[in-house]
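Peer 1: So here's entry34.cif, just mmCIF, C-alpha atoms and all ligand atoms:
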data_data
loop_
_atom_site.group_PDB
_atom_site.id
_atom_site.type_symbol
_atom_site.label_atom_id
_atom_site.label_comp_id
_atom_site.auth_asym_id
_atom_site.auth_seq_id
_atom_site.Cartn_x
_atom_site.Cartn_y
_atom_site.Cartn_z
ATOM 1 C CA MET A 1 0.000 0.000 0.000
ATOM 2 C CA LEU A 2 1.218 3.471 -0.776
ATOM 3 C CA PHE A 3 2.554 5.522 2.113
ATOM 4 C CA PRO A 4 0.092 8.439 1.710
ATOM 5 C CA THR A 5 -2.820 5.987 1.820
ATOM 6 C CA HIS A 6 -1.548 4.618 5.132
ATOM 7 C CA LEU A 7 -1.520 8.154 6.504
ATOM 8 C CA LEU A 8 -5.007 8.885 5.180
ATOM 9 C CA ALA A 9 -6.391 5.650 6.652
ATOM 10 C CA ALA A 10 -4.959 6.537 10.064
ATOM 11 C CA ALA A 11 -6.415 10.053 9.843
ATOM 12 C CA VAL A 12 -9.817 8.614 8.948
ATOM 13 C CA LEU A 13 -9.612 6.169 11.867
ATOM 14 C CA GLY A 14 -8.753 9.099 14.113
ATOM 15 C CA ARG A 15 -11.798 10.928 12.799
ATOM 16 C CA VAL A 16 -14.221 8.072 13.515
ATOM 17 C CA SER A 17 -12.685 6.863 16.793
ATOM 18 C CA ARG A 18 -11.715 8.432 20.078
ATOM 19 C CA LEU A 19 -8.040 7.771 19.381
ATOM 20 C CA SER A 20 -5.601 10.619 18.754
ATOM 21 C CA PRO A 21 -5.330 11.226 14.979
ATOM 22 C CA LEU A 22 -1.782 12.544 15.454
ATOM 23 C CA TRP A 23 -0.526 9.415 17.247
ATOM 24 C CA LEU A 24 -2.426 7.150 14.861
ATOM 25 C CA VAL A 25 -0.650 8.807 11.925
ATOM 26 C CA VAL A 26 2.737 8.623 13.672
ATOM 27 C CA GLY A 27 2.184 4.937 14.482
ATOM 28 C CA THR A 28 1.080 4.077 10.984
ATOM 29 C CA ALA A 29 4.095 5.854 9.480
ATOM 30 C CA LEU A 30 6.608 3.953 11.617
ATOM 31 C CA PRO A 31 6.868 0.663 9.668
ATOM 32 C CA ASP A 32 7.815 2.381 6.403
ATOM 33 C CA VAL A 33 9.880 5.122 8.063
ATOM 34 C CA VAL A 34 11.969 2.397 9.715
ATOM 35 C CA ASP A 35 12.084 -0.291 7.037
ATOM 36 C CA LYS A 36 12.463 1.606 3.772
ATOM 37 C CA PRO A 37 15.707 3.372 4.739
ATOM 38 C CA LEU A 38 17.110 0.144 6.204
ATOM 39 C CA ALA A 39 16.554 -1.629 2.887
ATOM 40 C CA MET A 40 17.753 1.312 0.801
ATOM 41 C CA VAL A 41 21.117 1.360 2.577
ATOM 42 C CA GLY A 42 21.364 -2.424 2.336
ATOM 43 C CA ALA A 43 21.065 -3.169 6.060
ATOM 44 C CA VAL A 44 18.271 -5.663 5.251
ATOM 45 C CA ASP A 45 17.216 -7.415 2.032
ATOM 46 C CA LEU A 46 13.480 -6.674 2.258
ATOM 47 C CA TYR A 47 11.359 -3.522 2.419
ATOM 48 C CA HIS A 48 9.144 -5.265 4.954
ATOM 49 C CA SER A 49 11.386 -6.189 7.869
ATOM 50 C CA VAL A 50 11.666 -5.101 11.494
ATOM 51 C CA GLY A 51 8.986 -2.386 11.415
ATOM 52 C CA HIS A 52 6.538 -4.700 9.639
ATOM 53 C CA SER A 53 7.157 -7.696 11.903
ATOM 54 C CA ALA A 54 4.267 -8.835 14.079
ATOM 55 C CA LEU A 55 6.928 -9.887 16.553
ATOM 56 C CA LEU A 56 6.980 -6.200 17.533
ATOM 57 C CA LEU A 57 3.811 -6.964 19.486
ATOM 58 C CA VAL A 58 6.169 -7.457 22.423
ATOM 59 C CA VAL A 59 6.849 -3.714 22.156
ATOM 60 C CA ALA A 60 3.458 -2.524 20.840
ATOM 61 C CA VAL A 61 1.400 -4.036 23.646
ATOM 62 C CA PRO A 62 3.361 -2.374 26.480
ATOM 63 C CA VAL A 63 3.314 0.909 24.504
ATOM 64 C CA ALA A 64 -0.470 0.590 24.125
ATOM 65 C CA LEU A 65 -0.812 0.161 27.869
ATOM 66 C CA THR A 66 0.972 3.451 28.640
ATOM 67 C CA GLY A 67 -2.109 5.558 27.874
ATOM 68 C CA ARG A 68 -4.226 6.961 25.085
ATOM 69 C CA ALA A 69 -1.289 8.265 23.031
ATOM 70 C CA GLY A 70 0.497 4.918 23.313
ATOM 71 C CA LEU A 71 -2.692 3.083 22.401
ATOM 72 C CA ALA A 72 -3.150 5.243 19.305
ATOM 73 C CA LEU A 73 0.510 4.729 18.353
ATOM 74 C CA ALA A 74 0.190 0.941 18.632
ATOM 75 C CA VAL A 75 -3.145 0.869 16.790
ATOM 76 C CA GLY A 76 -1.653 3.011 14.009
ATOM 77 C CA TRP A 77 1.241 0.570 13.678
ATOM 78 C CA ALA A 78 -1.153 -2.415 13.601
ATOM 79 C CA LEU A 79 -3.336 -0.633 11.028
ATOM 80 C CA HIS A 80 -0.299 -0.283 8.756
ATOM 81 C CA LEU A 81 0.454 -4.004 8.973
ATOM 82 C CA PHE A 82 -3.204 -4.906 8.391
ATOM 83 C CA LEU A 83 -3.424 -2.718 5.275
ATOM 84 C CA ASP A 84 -0.165 -4.112 3.889
ATOM 85 C CA VAL A 85 -1.567 -7.626 4.314
ATOM 86 C CA VAL A 86 -4.781 -6.549 2.556
ATOM 87 C CA HIS A 87 -2.642 -5.140 -0.254
ATOM 88 C CA VAL A 88 -0.646 -8.344 -0.893
ATOM 89 C CA VAL A 89 -3.764 -10.526 -0.641
ATOM 90 C CA VAL A 90 -5.781 -8.322 -3.012
ATOM 91 C CA ASN A 91 -2.867 -8.344 -5.445
ATOM 92 C CA GLY A 92 -2.772 -12.146 -5.479
ATOM 93 C CA ARG A 93 0.407 -12.586 -3.450
ATOM 94 C CA PRO A 94 -1.004 -13.770 -0.100
ATOM 95 C CA VAL A 95 2.145 -15.742 0.663
ATOM 96 C CA ASP A 96 4.004 -12.419 0.908
ATOM 97 C CA ALA A 97 2.059 -11.762 4.120
ATOM 98 C CA VAL A 98 4.623 -13.923 5.860
ATOM 99 C CA PHE A 99 6.580 -10.679 6.207
ATOM 100 C CA LEU A 100 4.688 -10.496 9.494
ATOM 101 C CA GLY A 101 6.995 -13.225 10.769
ATOM 102 C CA TRP A 102 10.250 -11.441 9.922
ATOM 103 C CA PRO A 103 13.006 -12.475 10.743
ATOM 104 C CA LEU A 104 11.684 -15.956 11.548
ATOM 105 C CA ALA A 105 9.840 -16.196 8.220
ATOM 106 C CA VAL A 106 10.430 -14.293 4.984
ATOM 107 C CA PRO A 107 8.654 -14.413 1.618
ATOM 108 C CA THR A 108 10.317 -16.892 -0.724
ATOM 109 C CA GLU A 109 9.945 -14.632 -3.776
ATOM 110 C CA PRO A 110 9.483 -11.081 -2.480
ATOM 111 C CA LEU A 111 9.056 -8.194 -4.887
ATOM 112 C CA ALA A 112 11.936 -6.378 -3.130
ATOM 113 C CA LEU A 113 11.390 -3.228 -5.182
ATOM 114 C CA PRO A 114 12.626 0.156 -3.936
ATOM 115 C CA PRO A 115 9.846 2.736 -3.406
ATOM 116 C CA GLY A 116 10.086 4.388 -6.855
ATOM 117 C CA SER A 117 10.099 1.098 -8.763
ATOM 118 C CA PHE A 118 7.354 -0.230 -6.517
ATOM 119 C CA PHE A 119 5.120 2.705 -7.420
ATOM 120 C CA VAL A 120 5.518 2.033 -11.144
ATOM 121 C CA TYR A 121 4.813 -1.683 -10.616
ATOM 122 C CA TYR A 122 1.868 -0.910 -8.367
ATOM 123 C CA ILE A 123 -0.072 1.412 -10.684
ATOM 124 C CA GLY A 124 -2.884 -0.548 -12.247
ATOM 125 C CA SER A 125 -2.818 -3.402 -9.741
ATOM 126 C CA PRO A 126 -6.113 -4.358 -8.018
ATOM 127 C CA SER A 127 -4.885 -2.904 -4.716
ATOM 128 C CA PHE A 128 -4.058 0.369 -6.465
ATOM 129 C CA TYR A 129 -7.665 0.684 -7.643
ATOM 130 C CA LEU A 130 -8.833 -0.153 -4.127
ATOM 131 C CA GLU A 131 -6.712 2.715 -2.843
ATOM 132 C CA VAL A 132 -8.042 5.095 -5.500
ATOM 133 C CA THR A 133 -11.586 4.127 -4.482
ATOM 134 C CA PHE A 134 -10.722 4.796 -0.840
ATOM 135 C CA TRP A 135 -9.294 8.250 -1.655
ATOM 136 C CA LEU A 136 -12.378 9.122 -3.724
ATOM 137 C CA ALA A 137 -14.693 7.960 -0.919
ATOM 138 C CA VAL A 138 -12.834 10.071 1.641
ATOM 139 C CA ALA A 139 -12.854 13.060 -0.706
ATOM 140 C CA GLY A 140 -16.582 12.571 -1.280
ATOM 141 C CA ALA A 141 -17.255 12.347 2.456
ATOM 142 C CA GLY A 142 -15.161 15.482 2.975
ATOM 143 C CA LEU A 143 -17.161 17.356 0.346
ATOM 144 C CA VAL A 144 -20.436 16.262 1.915
ATOM 145 C CA GLU A 145 -19.238 17.542 5.297
ATOM 146 C CA TRP A 146 -17.962 20.753 3.727
ATOM 147 C CA TYR A 147 -21.286 21.531 2.068
ATOM 148 C CA SER A 148 -23.193 20.580 5.202
ATOM 149 C CA GLY A 149 -21.298 23.264 7.103
ATOM 150 C CA ASN A 150 -18.864 21.083 9.033
ATOM 151 C CA ALA A 151 -15.086 21.348 8.696
ATOM 152 C CA PRO A 152 -13.905 18.202 6.803
ATOM 153 C CA LEU A 153 -11.225 17.149 9.240
ATOM 154 C CA GLY A 154 -12.123 19.310 12.225
ATOM 155 C CA ARG A 155 -13.630 18.171 15.465
HETATM 156 ZN ZN ZN A 201 4.316 -0.988 4.779
#
Now, as a test, write the supplied structure out as structure tokens.
Peer 2:
Amino acid sequence: MLFPTHLLAAAVLGRVSRLSPLWLVVGTALPDVVDKPLAMVGAVDLYHSVGHSALLLVVAVPVALTGRAGLALAVGWALHLFLDVVHVVVNGRPVDAVFLGWPLAVPTEPLALPPGSFFVYYIGSPSFYLEVTFWLAVAGAGLVEWYSGNAPLGR
């Protein structure tokens, strides 16, 4: 899933829940902010590694128990992983979801594309159209709120 869509999904969740939109967005950014640079400098072979590993639950759960900001941070992180799994399943590569088990399990034939190449590959895939639909739905909901007199992303 594209990074901006992760951020939008977290913002939408913040809008419809009682969780902090700011900490949701920070939490959902973390997996890519950590993993993409690690792969780009060659520290790891995959673009889904430590930040995308479900083994981080041992950190996320204690963070979630620290309070509302920690809970939003952990939920944002989990939302990112969930949406990345949805992306690989929708695009017909469900076996790639084993990235959740990194480093204990890794995809046997990962795409392993850097962000720019991934974007080119991704355009036109089923998940891409799902994302476009999501963006249009959010834009439509924002317009409805705007014309009804409410600020689109205000509280
Ligand atoms: Zn990701």
Peer 1: Do you have the atom CA of A:Pro37-atom CA of A:Ser117 distance handy?
Peer 2: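 Separating atom CA of A:Pro37 from atom CA of A:Ser117 is a distance of 14.8 Å.
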Peer 1: What does the PyMOL selection byres (((not hetatm)) within 6 of (chain A and resi 201)) select in this file, as a PyMOL selection string?
Peer 2: chain A and resi 31-32+84
Peer 1: Calculate how many Å separate atom CA of A:Leu56 from atom CA of A:Ala74, rounding to one decimal.
Peer 2: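 Going from atom CA of A:Leu56 over to atom CA of A:Ala74, I get 9.9 Å.
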Peer 1: Find, counting all atoms listed in the file, the residue in A:Pro110, A:Pro21, A:Pro103, A:Pro4 that gets nearest to A:Val88.
Peer 2: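 Among the listed residues, the smallest separation from A:Val88 belongs to A:Pro110.
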Peer 1: From the set A:Val90, A:Ala10, A:Leu104, A:Leu19, which residue has the shortest atom-to-atom contact distance to A:Gly76, counting all atoms listed in the file?
Peer 2: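 The closest residue to A:Gly76 is A:Ala10.
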Peer 1: Would you compute an axis-aligned box for stretch 5-17 of chain A, covering every atom listed for it in the file with 6 Å of margin on each side, and report centre and edge lengths in Å to one decimal as lines of an AutoDock Vina configuration file?
Peer 2:
center_x = -7.9
center_y = 7.8
center_z = 9.3
size_x = 24.7
size_y = 18.3
size_z = 27.0
Peer 1: Using all atoms listed in the file, collect all residues at a distance of at most 9 Å from (12.6, -1.5, 8.9) as written in the file, then present them as an mmCIF file with C-alpha atoms, in the coordinates of the input.
Peer 2:
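Result file is part.cif:
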data_model
loop_
_atom_site.group_PDB
_atom_site.id
_atom_site.type_symbol
_atom_site.label_atom_id
_atom_site.label_comp_id
_atom_site.auth_asym_id
_atom_site.auth_seq_id
_atom_site.Cartn_x
_atom_site.Cartn_y
_atom_site.Cartn_z
ATOM 1 C CA LEU A 30 6.608 3.953 11.617
ATOM 2 C CA PRO A 31 6.868 0.663 9.668
ATOM 3 C CA ASP A 32 7.815 2.381 6.403
ATOM 4 C CA VAL A 33 9.880 5.122 8.063
ATOM 5 C CA VAL A 34 11.969 2.397 9.715
ATOM 6 C CA ASP A 35 12.084 -0.291 7.037
ATOM 7 C CA LYS A 36 12.463 1.606 3.772
ATOM 8 C CA PRO A 37 15.707 3.372 4.739
ATOM 9 C CA LEU A 38 17.110 0.144 6.204
ATOM 10 C CA ALA A 39 16.554 -1.629 2.887
ATOM 11 C CA VAL A 44 18.271 -5.663 5.251
ATOM 12 C CA LEU A 46 13.480 -6.674 2.258
ATOM 13 C CA TYR A 47 11.359 -3.522 2.419
ATOM 14 C CA HIS A 48 9.144 -5.265 4.954
ATOM 15 C CA SER A 49 11.386 -6.189 7.869
ATOM 16 C CA VAL A 50 11.666 -5.101 11.494
ATOM 17 C CA GLY A 51 8.986 -2.386 11.415
ATOM 18 C CA HIS A 52 6.538 -4.700 9.639
ATOM 19 C CA SER A 53 7.157 -7.696 11.903
#
Peer 1: Under the rule that only C-alpha atoms are counted, which of A:Glu131, A:Glu145, A:Asp45, A:Glu109 is the nearest residue to A:Ala9?
Peer 2: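 That would be A:Glu131, the residue with the smallest distance to A:Ala9.
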Peer 1: Which is closest to A:Gly116 among A:Leu13, A:Ala54, A:Thr5, A:Met40, if we use only C-alpha atoms?
Peer 2: A:Met40
Peer 1: Work out how far atom CA of A:Ala69 is from atom CA of A:Ser20, in Å to one decimal.
Peer 2: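 Atom CA of A:Ser20 sits 6.5 Å away from atom CA of A:Ala69.
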Peer 1: In terms of the shortest atom-to-atom distance over only C-alpha atoms, which of A:Ala43, A:Ala64, A:Tyr121, A:Ser127 is closest to A:Gly92?
Peer 2: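 The answer is A:Ser127, which sits nearest to A:Gly92.
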Peer 1: Could you give me, as a count of residues only, the residues that have an atom at most 12 Å away from the point (-12.0, 9.0, 1.3) in the coordinates of the file, using all atoms listed in the file?
Peer 2: 28
Peer 1: For A:Arg18, please output as a PyMOL selection string all residues within 10 Å (counting only C-alpha atoms; exclusion window: fewer than 4 positions along the same chain).
Peer 2: chain A and resi 13-14+68+72
Peer 1: List the residues selected by the PyMOL selection byres (((chain A and resi 78) around 9) and not hetatm) in the file shown, writing them as a PyMOL selection string.
Peer 2: chain A and resi 27-28+52+54+57+60+73-77+79-83
Peer 1: Once you have the residues from the selection above, write them out as a compact mmCIF listing (two decimals), in the frame of the given file, restricted to C-alpha atoms.
Peer 2:
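Done, and the output landed in result-v9.txt:
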# COMPACT_ATOMS: atom_id res chain seq x y z
CA GLY A 27 2.18 4.94 14.48
CA THR A 28 1.08 4.08 10.98
CA HIS A 52 6.54 -4.70 9.64
CA ALA A 54 4.27 -8.84 14.08
CA LEU A 57 3.81 -6.96 19.49
CA ALA A 60 3.46 -2.52 20.84
CA LEU A 73 0.51 4.73 18.35
CA ALA A 74 0.19 0.94 18.63
CA VAL A 75 -3.14 0.87 16.79
CA GLY A 76 -1.65 3.01 14.01
CA TRP A 77 1.24 0.57 13.68
CA LEU A 79 -3.34 -0.63 11.03
CA HIS A 80 -0.30 -0.28 8.76
CA LEU A 81 0.45 -4.00 8.97
CA PHE A 82 -3.20 -4.91 8.39
CA LEU A 83 -3.42 -2.72 5.28
Peer 1: Which residue gives the smallest distance to A:Ala112 among A:Asp96, A:Gly124, A:Val61, A:Ser148, with only C-alpha atoms counted?
Peer 2: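 That would be A:Asp96, the residue with the smallest distance to A:Ala112.
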